[in-house]
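For reference, my_file-v3.txt (compact mmCIF, C-alpha atoms):
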# COMPACT_ATOMS: atom_id res chain seq x y z
CA MET T 1 8.85 81.56 -26.29
CA ALA T 2 5.52 83.37 -26.08
CA THR T 3 2.28 81.42 -26.30
CA GLN T 4 0.37 81.85 -29.55
CA HIS T 5 -3.39 82.08 -29.34
CA LEU T 6 -4.88 80.94 -32.61
CA SER T 7 -8.47 81.57 -31.63
CA PRO T 8 -10.30 84.36 -33.50
CA ALA T 9 -10.60 87.86 -32.08
CA LEU T 10 -13.21 88.35 -29.40
CA ARG T 11 -16.32 90.23 -30.31
CA ALA T 12 -15.72 93.62 -28.78
CA PRO T 13 -18.71 95.82 -28.02
CA ALA T 14 -19.60 98.06 -30.93
CA ALA T 15 -18.53 101.66 -30.55
CA SER T 16 -21.43 103.76 -29.42
CA PRO T 17 -22.30 106.86 -31.47
CA ALA T 18 -21.99 108.82 -28.21
CA TYR T 19 -18.40 107.71 -27.65
CA PRO T 20 -16.45 110.75 -26.40
CA MET T 21 -14.31 112.43 -29.00
CA ALA T 22 -10.95 113.92 -28.15
CA LYS T 23 -10.12 117.60 -28.22
CA PRO T 24 -8.34 119.00 -31.30
CA GLY T 25 -4.80 117.69 -31.23
CA TYR T 26 -5.63 114.45 -29.46
CA GLY T 27 -7.30 111.15 -30.27
CA LYS T 28 -7.02 108.26 -32.70
CA ARG T 29 -5.46 108.48 -36.16
CA SER T 30 -5.44 105.48 -38.50
CA ALA T 31 -2.21 104.51 -40.23
CA PRO T 32 -2.32 104.10 -44.03
CA ASP T 33 -2.19 100.91 -46.14
CA GLN T 34 -4.03 98.64 -43.72
CA GLN T 35 -5.51 95.30 -44.67
CA ALA T 36 -9.25 94.83 -44.86
CA ARG T 37 -11.03 94.01 -41.62
CA THR T 38 -11.59 90.25 -41.17
CA ARG T 39 -12.91 87.96 -38.47
CA ASN T 40 -9.44 86.67 -37.60
CA ASP T 41 -7.89 90.02 -36.80
CA PHE T 42 -5.70 90.00 -33.67
CA ALA T 43 -6.01 86.18 -33.47
CA LEU T 44 -2.43 85.78 -32.19
CA LEU T 45 -2.94 88.13 -29.25
CA PRO T 46 -3.97 87.10 -25.73
CA THR T 47 -7.59 87.36 -24.68
CA ARG T 48 -7.45 90.78 -23.05
CA GLU T 49 -5.40 92.34 -25.84
CA ARG T 50 -7.76 90.91 -28.48
CA TYR T 51 -10.71 92.42 -26.67
CA VAL T 52 -9.13 95.91 -26.38
CA ALA T 53 -7.74 95.81 -29.94
CA GLY T 54 -11.13 94.87 -31.41
CA PHE T 55 -12.76 97.78 -29.60
CA VAL T 56 -10.11 100.35 -30.58
CA ASP T 57 -10.16 99.20 -34.19
CA HIS T 58 -13.86 100.12 -34.51
CA LEU T 59 -13.48 103.59 -32.97
CA PRO T 60 -13.89 106.56 -35.35
CA GLU T 61 -11.14 109.00 -36.24
CA GLY T 62 -10.43 111.47 -33.46
CA ALA T 63 -11.89 109.29 -30.71
CA ALA T 64 -10.47 109.71 -27.22
CA MET T 65 -7.72 107.19 -26.52
CA SER T 66 -6.89 107.89 -22.90
CA VAL T 67 -6.73 104.99 -20.49
CA LYS T 68 -9.47 106.47 -18.31
CA THR T 69 -11.88 106.87 -21.23
CA LEU T 70 -11.26 103.36 -22.53
CA ALA T 71 -11.75 101.90 -19.04
CA LYS T 72 -15.16 103.56 -18.78
CA GLN T 73 -16.23 101.99 -22.08
CA LEU T 74 -14.81 98.51 -21.35
CA PRO T 75 -16.30 97.35 -18.04
CA LEU T 76 -14.40 94.03 -18.01
CA TYR T 77 -11.05 95.69 -17.27
CA GLY T 78 -9.84 98.53 -15.13
CA GLN T 79 -7.40 101.32 -15.95
CA GLN T 80 -4.32 99.31 -15.01
CA ALA T 81 -5.37 96.41 -17.22
CA ILE T 82 -6.15 98.76 -20.13
CA SER T 83 -2.75 100.43 -19.75
CA THR T 84 -1.01 97.04 -19.79
CA ALA T 85 -3.01 95.99 -22.84
CA LEU T 86 -2.07 99.15 -24.76
CA THR T 87 1.57 98.53 -23.94
CA ALA T 88 1.30 95.01 -25.31
CA LEU T 89 -0.41 96.31 -28.45
CA SER T 90 2.42 98.79 -28.92
CA VAL T 91 4.96 95.98 -28.69
CA ALA T 92 2.91 93.94 -31.15
CA GLY T 93 3.14 96.81 -33.66
CA HIS T 94 -0.46 98.06 -33.64
CA LEU T 95 -0.13 101.57 -32.16
CA ARG T 96 2.25 104.43 -31.47
CA ARG T 97 1.67 107.51 -29.35
CA VAL T 98 3.20 110.69 -30.82
CA ARG T 99 3.42 114.42 -30.16
CA CYS T 100 4.11 117.29 -32.54
CA ALA T 101 4.58 121.05 -32.21
CA ALA T 102 1.81 123.18 -33.72
CA GLY T 103 1.68 126.93 -34.22
CA ALA T 104 4.49 129.45 -34.61
CA GLY T 105 6.39 131.87 -32.42
CA ASP T 106 5.11 132.29 -28.88
CA GLU T 107 1.87 130.45 -29.71
CA THR T 108 3.54 127.04 -30.19
CA ARG T 109 1.76 124.19 -28.44
CA TRP T 110 2.06 120.43 -28.40
CA VAL T 111 -0.58 118.19 -29.93
CA PHE T 112 -0.87 114.48 -29.17
CA ARG T 113 -2.11 111.63 -31.32
CA THR T 114 -2.36 107.84 -31.15
CA PHE T 115 -1.66 106.20 -34.48
CA TRP T 116 -3.48 102.88 -34.85
CA SER T 117 -2.84 100.12 -37.37
CA ARG T 118 -5.01 97.01 -37.66
CA THR T 119 -2.12 95.41 -39.50
CA ALA T 120 0.85 94.76 -37.22
CA ARG T 121 3.92 96.81 -38.26
CA ASP T 122 7.54 96.40 -37.32
CA ASN T 123 9.77 99.14 -35.93
CA GLU T 124 11.31 99.91 -39.31
CA TRP T 125 7.91 100.60 -40.86
CA TRP T 126 6.83 102.84 -37.98
CA ASN T 127 10.11 104.80 -38.02
CA THR T 128 9.85 105.37 -41.76
CA TYR T 129 6.20 106.43 -41.64
CA LEU T 130 6.54 108.78 -38.65
CA ALA T 131 9.42 110.56 -40.40
CA THR T 132 7.26 111.49 -43.40
CA GLU T 133 5.38 114.76 -43.88
CA LYS T 134 2.13 112.82 -44.25
CA ALA T 135 2.33 111.60 -40.67
CA THR T 136 3.07 115.12 -39.45
CA LEU T 137 0.04 116.54 -41.26
CA ALA T 138 -2.11 113.76 -39.80
CA ALA T 139 -0.90 114.53 -36.29
CA VAL T 140 -1.36 118.30 -36.41
CA PRO T 141 -5.05 119.32 -36.62
CA VAL T 142 -5.81 121.42 -39.71
CA ALA T 143 -9.36 122.78 -39.60
CA VAL T 144 -9.00 125.90 -41.70
CA ALA T 145 -11.63 124.96 -44.25
CA ALA T 146 -14.27 124.18 -41.66
CA VAL T 147 -13.82 127.41 -39.69
CA PRO T 148 -15.78 130.39 -41.06
CA ASP T 149 -13.85 133.46 -42.03
CA THR T 150 -13.88 135.75 -39.00
CA THR T 151 -11.19 138.14 -40.20
CA PRO T 152 -12.35 141.71 -39.53
CA PRO T 153 -12.75 143.90 -42.61
CA PRO T 154 -10.02 146.43 -43.37
CA PRO T 155 -10.49 149.88 -41.86
CA TRP T 156 -11.24 151.41 -45.26
CA ALA T 157 -14.08 148.97 -46.01
CA PRO T 158 -17.57 150.43 -45.40
CA ALA T 159 -19.39 148.97 -42.48
CA GLU T 160 -22.45 146.91 -43.26
CA GLU T 161 -25.69 148.51 -42.16
CA PRO T 162 -28.02 146.32 -40.13
CA SER T 163 -31.04 145.16 -42.01
CA GLN T 164 -34.26 146.92 -41.09
CA PRO T 165 -37.26 144.85 -40.07
CA SER T 166 -39.80 144.43 -42.82
CA LEU T 167 -43.02 146.42 -42.46
CA ALA T 168 -44.79 144.76 -45.34
CA ALA T 169 -48.40 143.70 -45.16
CA PRO T 170 -49.18 140.12 -44.06
CA GLU T 171 -50.08 139.11 -47.62
CA SER T 172 -46.59 140.13 -48.81
CA LEU T 173 -45.05 137.28 -46.79
CA ASP T 174 -46.04 134.76 -49.43
CA THR T 175 -42.92 132.82 -50.39
CA ASP T 176 -44.15 132.05 -53.91
CA ARG T 177 -44.05 135.66 -55.06
CA ALA T 178 -41.87 138.61 -54.31
CA PRO T 179 -43.36 141.23 -51.99
CA ALA T 180 -44.48 144.43 -53.67
CA PRO T 181 -42.40 147.50 -52.80
CA THR T 182 -43.97 149.70 -50.18
CA ALA T 183 -44.51 153.28 -51.32
CA VAL T 184 -42.98 155.86 -49.00
CA PRO T 185 -45.03 159.09 -48.80
CA GLN T 186 -43.15 162.21 -49.69
CA GLN T 187 -42.32 164.34 -46.68
CA ARG T 188 -43.43 167.96 -46.84
CA THR T 189 -41.41 170.69 -45.22
CA PRO T 190 -43.43 173.49 -43.69
CA SER T 191 -43.03 176.80 -45.46
CA PRO T 192 -41.48 179.54 -43.30
CA ALA T 193 -43.49 182.48 -42.21
CA PRO T 194 -43.16 185.68 -44.28
CA ASP T 195 -41.54 187.70 -41.49
CA ALA T 196 -39.47 184.82 -40.03
CA GLU T 197 -35.69 185.08 -40.07
CA PRO T 198 -33.77 182.31 -41.81
CA ALA T 199 -32.81 179.56 -39.43
CA PRO T 200 -29.10 179.05 -38.74
CA PRO T 201 -27.56 175.96 -40.28
CA ALA T 202 -27.70 172.87 -38.12
CA ALA T 203 -24.50 171.83 -36.43
CA ASP T 204 -24.84 168.20 -37.51
CA ALA T 205 -26.13 168.90 -41.00
CA ALA T 206 -22.78 168.68 -42.78
CA PRO T 207 -20.03 167.43 -40.47
CA ALA T 208 -16.61 168.53 -41.52
CA LYS T 209 -13.91 166.01 -42.30
CA PRO T 210 -10.97 166.98 -40.14
CA HIS T 211 -8.62 164.47 -41.79
CA ALA T 212 -9.61 165.14 -45.39
CA SER T 213 -6.55 167.33 -45.98
CA GLU T 214 -4.27 164.66 -44.47
CA ALA T 215 -5.15 162.01 -47.03
CA GLY T 216 -2.32 162.93 -49.39
CA ARG T 217 0.28 163.77 -46.74
CA SER T 218 3.37 161.66 -46.12
CA PRO T 219 4.14 160.00 -42.75
CA ALA T 220 7.01 162.45 -42.25
CA TYR T 221 4.69 165.46 -42.67
CA LEU T 222 2.12 163.99 -40.29
CA ALA T 223 4.81 163.26 -37.70
CA LEU T 224 5.93 166.88 -37.77
CA ALA T 225 2.35 168.06 -37.46
CA ARG T 226 1.90 165.92 -34.34
CA LEU T 227 4.76 167.66 -32.54
CA GLY T 228 2.67 170.67 -31.62
CA ARG T 229 -0.10 168.48 -30.29
CA ASN T 230 2.31 166.57 -28.05
CA ASP T 231 4.11 169.69 -26.82
CA HIS T 232 2.95 173.27 -27.50
CA ARG T 233 6.56 174.51 -27.53
CA LEU T 234 7.12 172.71 -30.87
CA ALA T 235 4.02 173.95 -32.70
CA LEU T 236 4.75 174.20 -36.43
CA SER T 237 2.80 175.81 -39.19
CA ALA T 238 1.84 174.08 -42.43
CA ASP T 239 4.71 175.82 -44.26
CA ASP T 240 7.16 174.75 -41.54
CA CYS T 241 6.06 171.09 -41.88
CA THR T 242 6.50 171.28 -45.65
CA THR T 243 9.98 172.77 -45.23
CA LEU T 244 11.15 170.11 -42.76
CA GLU T 245 9.41 167.20 -44.47
CA PRO T 246 12.48 166.11 -46.58
CA GLN T 247 14.69 165.92 -43.48
CA ALA T 248 12.11 163.91 -41.51
CA ALA T 249 11.68 161.59 -44.49
CA GLN T 250 15.40 160.76 -44.32
CA TRP T 251 14.88 159.49 -40.76
CA LEU T 252 12.06 157.21 -41.83
CA ALA T 253 14.11 155.99 -44.81
CA ARG T 254 16.76 154.73 -42.36
CA GLY T 255 14.35 152.32 -40.72
CA VAL T 256 13.06 154.27 -37.71
CA SER T 257 9.38 154.48 -36.87
CA VAL T 258 7.21 157.57 -36.59
CA ASP T 259 7.00 157.20 -32.80
CA TYR T 260 10.79 157.02 -32.59
CA LEU T 261 11.09 160.19 -34.67
CA ILE T 262 8.63 162.09 -32.47
CA SER T 263 10.24 160.92 -29.22
CA ALA T 264 13.72 161.91 -30.47
CA LEU T 265 12.54 165.41 -31.37
CA THR T 266 10.61 166.03 -28.15
CA ALA T 267 13.07 164.53 -25.63
CA GLY T 268 14.86 166.94 -23.27
CA LEU T 269 13.24 170.19 -24.42
CA PRO T 270 14.39 173.48 -22.89
CA ALA T 271 12.02 175.57 -20.84
CA GLN T 272 11.33 177.88 -23.78
CA VAL T 273 11.74 177.37 -27.53
CA ASP T 274 11.94 180.69 -29.38
CA SER T 275 11.99 179.27 -32.91
CA PRO T 276 10.40 175.83 -33.27
CA LEU T 277 11.39 175.70 -36.95
CA GLY T 278 15.09 176.29 -36.29
CA PHE T 279 15.11 174.06 -33.20
CA ILE T 280 13.60 171.07 -35.00
CA ARG T 281 15.79 171.63 -38.08
CA ARG T 282 18.88 171.50 -35.85
CA ARG T 283 17.71 168.32 -34.13
CA LEU T 284 16.87 166.64 -37.43
CA THR T 285 20.42 167.35 -38.58
CA ASP T 286 22.33 166.52 -35.38
CA LYS T 287 20.37 163.44 -34.22
CA ILE T 288 19.82 161.65 -37.52
CA PRO T 289 20.30 157.90 -36.92
CA PRO T 290 23.01 155.91 -38.74
CA LYS T 291 22.22 154.19 -42.01
CA LEU T 292 22.10 150.41 -41.70
CA THR T 293 23.85 148.58 -44.49
CA THR T 294 22.29 145.51 -46.04
CA GLU T 295 25.42 143.44 -45.26
CA ASN T 296 24.68 143.47 -41.53
CA THR T 297 21.11 142.34 -41.91
CA ARG T 298 20.64 138.74 -40.94
CA PRO T 299 18.95 136.48 -43.47
CA ALA T 300 15.58 135.17 -42.55
CA THR T 301 15.98 131.89 -40.71
CA PRO T 302 13.92 129.11 -42.24
CA ALA T 303 11.19 127.64 -40.13
CA PRO T 304 12.35 124.54 -38.25
CA THR T 305 11.25 121.26 -39.71
CA ARG T 306 8.59 119.74 -37.54
CA ARG T 307 9.08 116.10 -36.73
CA LEU T 308 6.97 113.77 -34.69
CA LEU T 309 8.21 112.64 -31.31
CA VAL T 310 7.14 109.20 -30.17
CA GLU T 311 5.89 108.83 -26.61
CA CYS T 312 6.54 105.76 -24.55
CA THR T 313 3.24 103.92 -24.40
CA ASP T 314 3.87 102.96 -20.78
CA CYS T 315 5.31 106.08 -19.11
CA GLY T 316 4.84 108.81 -21.76
CA ARG T 317 8.52 109.73 -22.07
CA PRO T 318 9.13 111.42 -25.48
CA GLY T 319 11.92 110.57 -27.86
CA GLN T 320 12.88 109.95 -31.46
CA PRO T 321 11.23 106.94 -33.14
CA GLU T 322 14.58 105.17 -33.42
CA ALA T 323 15.18 105.49 -29.67
CA LEU T 324 11.85 103.89 -28.72
CA PRO T 325 11.59 100.48 -30.41
CA ASP T 326 8.20 98.85 -29.89
CA GLY T 327 7.00 102.26 -28.67
CA LEU T 328 8.72 101.79 -25.29
CA CYS T 329 11.67 103.56 -23.71
CA ARG T 330 14.58 101.56 -22.33
CA PRO T 331 13.47 101.52 -18.65
CA CYS T 332 10.00 100.31 -19.63
CA ARG T 333 11.23 97.89 -22.27
CA THR T 334 13.60 96.00 -19.93
CA PRO T 335 10.94 94.55 -17.57
CA HIS T 336 8.74 93.70 -20.55
CA THR T 337 11.56 91.78 -22.25
CA ARG T 338 12.39 90.02 -19.02
CA ASN T 339 8.79 88.84 -18.62
CA GLU T 340 8.79 87.46 -22.16
CA GLU T 341 12.00 85.53 -21.50
CA ASN T 342 10.59 84.05 -18.31
CA THR T 343 7.44 82.78 -20.00
CA THR T 344 7.14 79.02 -19.46
CA HIS T 345 6.04 76.73 -22.26
CA PRO T 346 2.70 74.94 -21.65
CA ALA T 347 4.33 71.54 -22.19
CA GLU T 348 6.77 72.22 -19.39
CA ILE T 349 3.93 73.25 -17.09
CA ALA T 350 2.07 69.99 -17.80
CA HIS T 351 5.24 67.99 -17.15
CA VAL T 352 5.77 69.68 -13.77
CA LYS T 353 2.15 69.02 -12.75
CA ALA T 354 2.45 65.36 -13.69
CA HIS T 355 5.68 65.04 -11.72
CA MET T 356 4.09 66.61 -8.63
CA ASN T 357 1.08 64.31 -8.86
CA ASN T 358 3.43 61.32 -9.04
CA LEU T 359 5.24 62.51 -5.92
CA ARG T 360 1.98 62.87 -4.04
CA ASP T 361 0.99 59.33 -4.98
CA LEU T 362 4.29 58.00 -3.68
CA LEU T 363 3.83 59.80 -0.36
CA LYS T 364 0.39 58.33 0.29
CA PRO T 365 0.31 55.63 2.99
CA VAL T 366 -0.05 52.08 1.73

Encoding of this model in C-alpha cells:
Amino acid sequence: MATQHLSPALRAPAASPAYPMAKPGYGKRSAPDQQARTRNDFALLPTRERYVAGFVDHLPEGAAMSVKTLAKQLPLYGQQAISTALTALSVAGHLRRVRCAAGAGDETRWVFRTFWSRTARDNEWWNTYLATEKATLAAVPVAVAAVPDTTPPPPWAPAEEPSQPSLAAPESLDTDRAPAPTAVPQQRTPSPAPDAEPAPPAADAAPAKPHASEAGRSPAYLALARLGRNDHRLALSADDCTTLEPQAAQWLARGVSVDYLISALTAGLPAQVDSPLGFIRRRLTDKIPPKLTTENTRPATPAPTRRLLVECTDCGRPGQPEALPDGLCRPCRTPHTRNEENTTHPAEIAHVKAHMNNLRDLLKPV
C-alpha cells in the first residue's frame, strides 16, 4: 500500500514571464473541466511530485514541457528526477503525452502535446477525452486567423504601384489638417521648326499587345498554333488552326492535357513534311486517345480520421490510449507496479527498527 502524504502542496516557484515557450505543435495543453485551484492541490503526492506538479500547473498554455527545460527551471532536481516525477504524475492521472498528424499529402508532420489536468483523472476519462474531436483540435496547432494573408494576387489583378514620396511643403505635414494639393505646372512641348520633317513615331510610344488576339481563342486552337513554334515543319496558318480546332478539342475533351496533345503531334516527325495541315489532320484522327468511362473512375477517398496517439511518459513509445493505461507502455509499467507492491508500510519499518534495537541491547556485555 502506497504512503499517503496529507500535507499541502509545496509552494513551487512562480512561472517566470520569460519561461521558454514551445514551438508550434509542442508544449502544454490544459484539459477541460478542471476544479478551481486551491491550496491543497496535489496534497496526496510525494514531496518531489508535489513540487513539480505545482510548477507545471502554473505554466501558461504552450509552455515547453521537455525534461531538459523543466530541469533548468527547477534547480532542486535534475533531469532524471524530473523524468521520474512526470512518470509518477502520469500514473496519478495528471498528464498524458500525445502526438497527432497534421497537414495533408506529402506535407504531413507529427505534432506533440502534453495534456495537463490539475484534477486527477482515471484511465477511462483520459481514453474518452483523447478520442474526441475537441482533443484533436487542441493538439493540432491552428493559427490561421493570426497569420496575415500572404496569398499572391491572381495574374489578372493589376499590380499595386508603389507610393511616391511626398514632396509637400513642411507646413503641409500638420496632422490636424489635410495637406493642400500641390499644383503641377503644365508641360509645354516645343513647336517644330517650319522646315523640319515630322519625327518618326517612337518605338515605345504605343507597345503592341501580341496576345490581344488570343484572348478569345480556345486551348485547342492555341495548342495548334504552338506547333509551328516548337517545330517549323508543322507551321500552320490561322485558317489551318481554325479547321483543325474541332478535332483537337476532342482530344482535350477526353481528359488529356495541352502538353500531351502537342507532344503526341510532334513525336517522331519525318525529315520533311510537305503538307502540315494534312499531316496533323491524319495524326489527330489516328492517334486520338480512348474515351474514359465514368464507371472506371475511382471515387474520391475520404480523408482519414485523425486520432491522437498517446506516448509513453517514460520511454515515448506511441500507442492507442487503451493500450497505455496510466500513460505507460507495458515494459515501463511492469517495474513501476513492482515498486508499488514492494512498498513497505511505515508501521512495519518502525517495528523492524524496534526489534533490531532490542537485539543490540541483548548483545551488549553485562

Top pick for closest residue to T:Thr136, considering T:Arg121, T:Arg330, T:Arg113, T:Lys23 and counting all atoms listed in the file: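 Residue with the minimum atom-to-atom distance to T:Thr136: T:Arg113.
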
For a cut-off of 12 Å around (9.4, 172.7, -44.7), file coordinates, pick out all residues using only C-alpha atoms and list them as a ChimeraX atom specification. /T:220-221,224-225,236-249,276-278,280-281

Work out how far atom CA of T:Ile288 is from atom CA of T:Ala264, in Å to one decimal.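 Distance between the two atoms: 9.3 Å.
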
Hey, can you check how far atom CA of T:Pro219 sits from atom CA of T:Leu269?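 Interatomic distance, atom CA of T:Pro219 to atom CA of T:Leu269: 22.9 Å.
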
If you measure from atom CA of T:Gly78 to atom CA of T:Ala53, what distance in Å do you get, rounded to one decimal?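 Computed distance, atom CA of T:Gly78 to atom CA of T:Ala53, equals 15.2 Å.
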
Tell me which protein, DNA and RNA residues are within 6 Å of stretch 56-71 of chain T, counting all atoms listed in the file, leaving out same-chain ones fewer than 4 positions away, and put them as a ChimeraX atom specification. /T:15,21-22,27-29,78-79

Near T:Ser117, counting only C-alpha atoms, which residues have an atom at most 9 Å away, once you skip same-chain residues fewer than 6 positions from it, shown as a VMD selection string? chain T and resid 29 to 34 57 93 to 96

Please produce a file of the residues just selected, as an mmCIF file, keeping the file's coordinate frame, where the atoms kept are C-alpha atoms.
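Result saved to again_23.cif:
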data_model
loop_
_atom_site.group_PDB
_atom_site.id
_atom_site.type_symbol
_atom_site.label_atom_id
_atom_site.label_comp_id
_atom_site.auth_asym_id
_atom_site.auth_seq_id
_atom_site.Cartn_x
_atom_site.Cartn_y
_atom_site.Cartn_z
ATOM 1 C CA ARG T 29 -5.460 108.480 -36.160
ATOM 2 C CA SER T 30 -5.440 105.480 -38.500
ATOM 3 C CA ALA T 31 -2.210 104.510 -40.230
ATOM 4 C CA PRO T 32 -2.320 104.100 -44.030
ATOM 5 C CA ASP T 33 -2.190 100.910 -46.140
ATOM 6 C CA GLN T 34 -4.030 98.640 -43.720
ATOM 7 C CA ASP T 57 -10.160 99.200 -34.190
ATOM 8 C CA GLY T 93 3.140 96.810 -33.660
ATOM 9 C CA HIS T 94 -0.460 98.060 -33.640
ATOM 10 C CA LEU T 95 -0.130 101.570 -32.160
ATOM 11 C CA ARG T 96 2.250 104.430 -31.470
#

Mind checking which residues fall within 10 Å of T:Cys315, counting all atoms listed in the file, ignoring those fewer than 6 positions away in the same chain, and posting them as a VMD selection string? chain T and resid 83 87 328 to 329 331 to 332

Can you write out the residues you just picked, keeping C-alpha atoms, as an mmCIF file, in the frame of the given file?
data_model
loop_
_atom_site.group_PDB
_atom_site.id
_atom_site.type_symbol
_atom_site.label_atom_id
_atom_site.label_comp_id
_atom_site.auth_asym_id
_atom_site.auth_seq_id
_atom_site.Cartn_x
_atom_site.Cartn_y
_atom_site.Cartn_z
ATOM 1 C CA SER T 83 -2.750 100.430 -19.750
ATOM 2 C CA THR T 87 1.570 98.530 -23.940
ATOM 3 C CA LEU T 328 8.720 101.790 -25.290
ATOM 4 C CA CYS T 329 11.670 103.560 -23.710
ATOM 5 C CA PRO T 331 13.470 101.520 -18.650
ATOM 6 C CA CYS T 332 10.000 100.310 -19.630
#

Measuring atom to atom with all atoms listed in the file, identify which of T:Asn357, T:Ile262, T:Glu107, T:Leu252 is nearest to T:Asn230.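 When distances to T:Asn230 are compared using all atoms listed in the file, the smallest one comes from T:Ile262.
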